[in-house]
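*Asks:* If you scroll down you'll find the structure; I have some questions about it.
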Amino acid sequence: TQFHFHRPSEEYIHGKPYDMEVHLMHQSSDGKVAGVTVLLKAGTANGTVQKIWEHMLKTKGNEEAIAGVEINPAGLLPPSAAYYMYMGSVTAPPCTEGVAWFVLKTPVDISPSQIEEFARLYPHDVRPLQPLNGRVVKESK
């Protein structure tokens, strides 16, 4: 349905956040919601991120789709499909429960300058780390 970024990551792996993450949100025809989290780490520039940044509005507030810009989300995915999975909520108010989250284990590179460009517009756009509250985190093999 949409994708968006957070800096730093909202998910922590072994107690540590990543530089950024992207949420790829999905909704089935029966209304079930799933989110795929791709962790982003400082490294080499990411061509897909660069294309997004080139068309990103330079002022916060009007985050609408830009007509005529095509993005292949596969450029945001790591080569490995291994993941962690848990049931949670969306991370923006009203934080609706019932979301199946799939956090891909392998991070994808994004350049320090790409991180800085996003940080100028969104200096800290994350929901604070939430307790598990009895949630079970499953792990793929």
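Ligands are numbered from 1 in the order shown, residues from 1 within each chain, and chains are lettered A, B, ... in the order they appear in the structure tokens.
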Which polymer residues have any atom within 7 Å of an atom of stretch 19-29 of chain A, counting only C-alpha atoms, with same-chain residues fewer than 5 positions away left out, as a ChimeraX atom specification?
*Replies:* /A:1-9,34-42
*Asks:* Which residue, A:Pro17, A:Gly134, A:Gly43, A:Pro78, has the smallest gap to A:Thr106 when you use only C-alpha atoms?
*Replies:* A:Pro78
*Asks:* Could you give me, as number ranges by chain, each residue of stretch 2-134 of chain A that DSSP assigns to strand (DSSP E) when run on this structure's backbone?
*Replies:* A: 2-6, 12-13, 16-17, 20-27, 33-42, 83-89, 97-104, 108-110
*Asks:* Among chain A, which residues does DSSP mark as helix (DSSP H, G or I) when it is run on the backbone? Keep the chain and numbering as in the structure and answer as a list in words.
*Replies:*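 Matching residues, listed in order: Gly47, Thr48, Val49, Gln50, Lys51, Ile52, Trp53, Glu54, His55, Pro73, Ala74, Gly75, Leu76, Pro112, Ser113, Gln114, Ile115, Glu116, Glu117, Phe118, Ala119, Arg120 and Leu121 of chain A.
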*Asks:* Enter the distance from atom CA of A:Tyr122 to atom CA of A:Met56, in Å, rounded to one decimal.
*Replies:*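 These two atoms are separated by 11.8 Å.
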*Asks:* Here is a test: counting only C-alpha atoms, which residue of A:Gly31, A:Pro73, A:Gly88, A:Pro79 is nearest to A:Val108?
*Replies:*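 Of A:Gly31, A:Pro73, A:Gly88, A:Pro79, the one nearest A:Val108, counting only C-alpha atoms, is A:Pro79.
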*Asks:* Record the distance separating atom CA of A:Ala119 and atom CA of A:Met87, expressed in Å with one decimal.
*Replies:* 28.5 Å
*Asks:* For A:Leu121, which of A:Ile13, A:Leu57, A:Pro93, A:Val69 is the closest residue, counting only C-alpha atoms?
*Replies:*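 Smallest distance to A:Leu121 is found for A:Leu57.
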*Asks:* Kindly indicate which residue among A:Ile71, A:Ala81, A:Val137, A:Leu76 lies nearest to A:Ile110, using only C-alpha atoms for the distances.
*Replies:*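 Smallest separation from A:Ile110 among the options: A:Leu76.
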*Asks:* I'd like to know which of A:Trp53, A:Lys32, A:Ala92, A:His14 is closest to A:Glu116, using only C-alpha atoms.
*Replies:*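 Counting only C-alpha atoms, the residue closest to A:Glu116 is A:Trp53.
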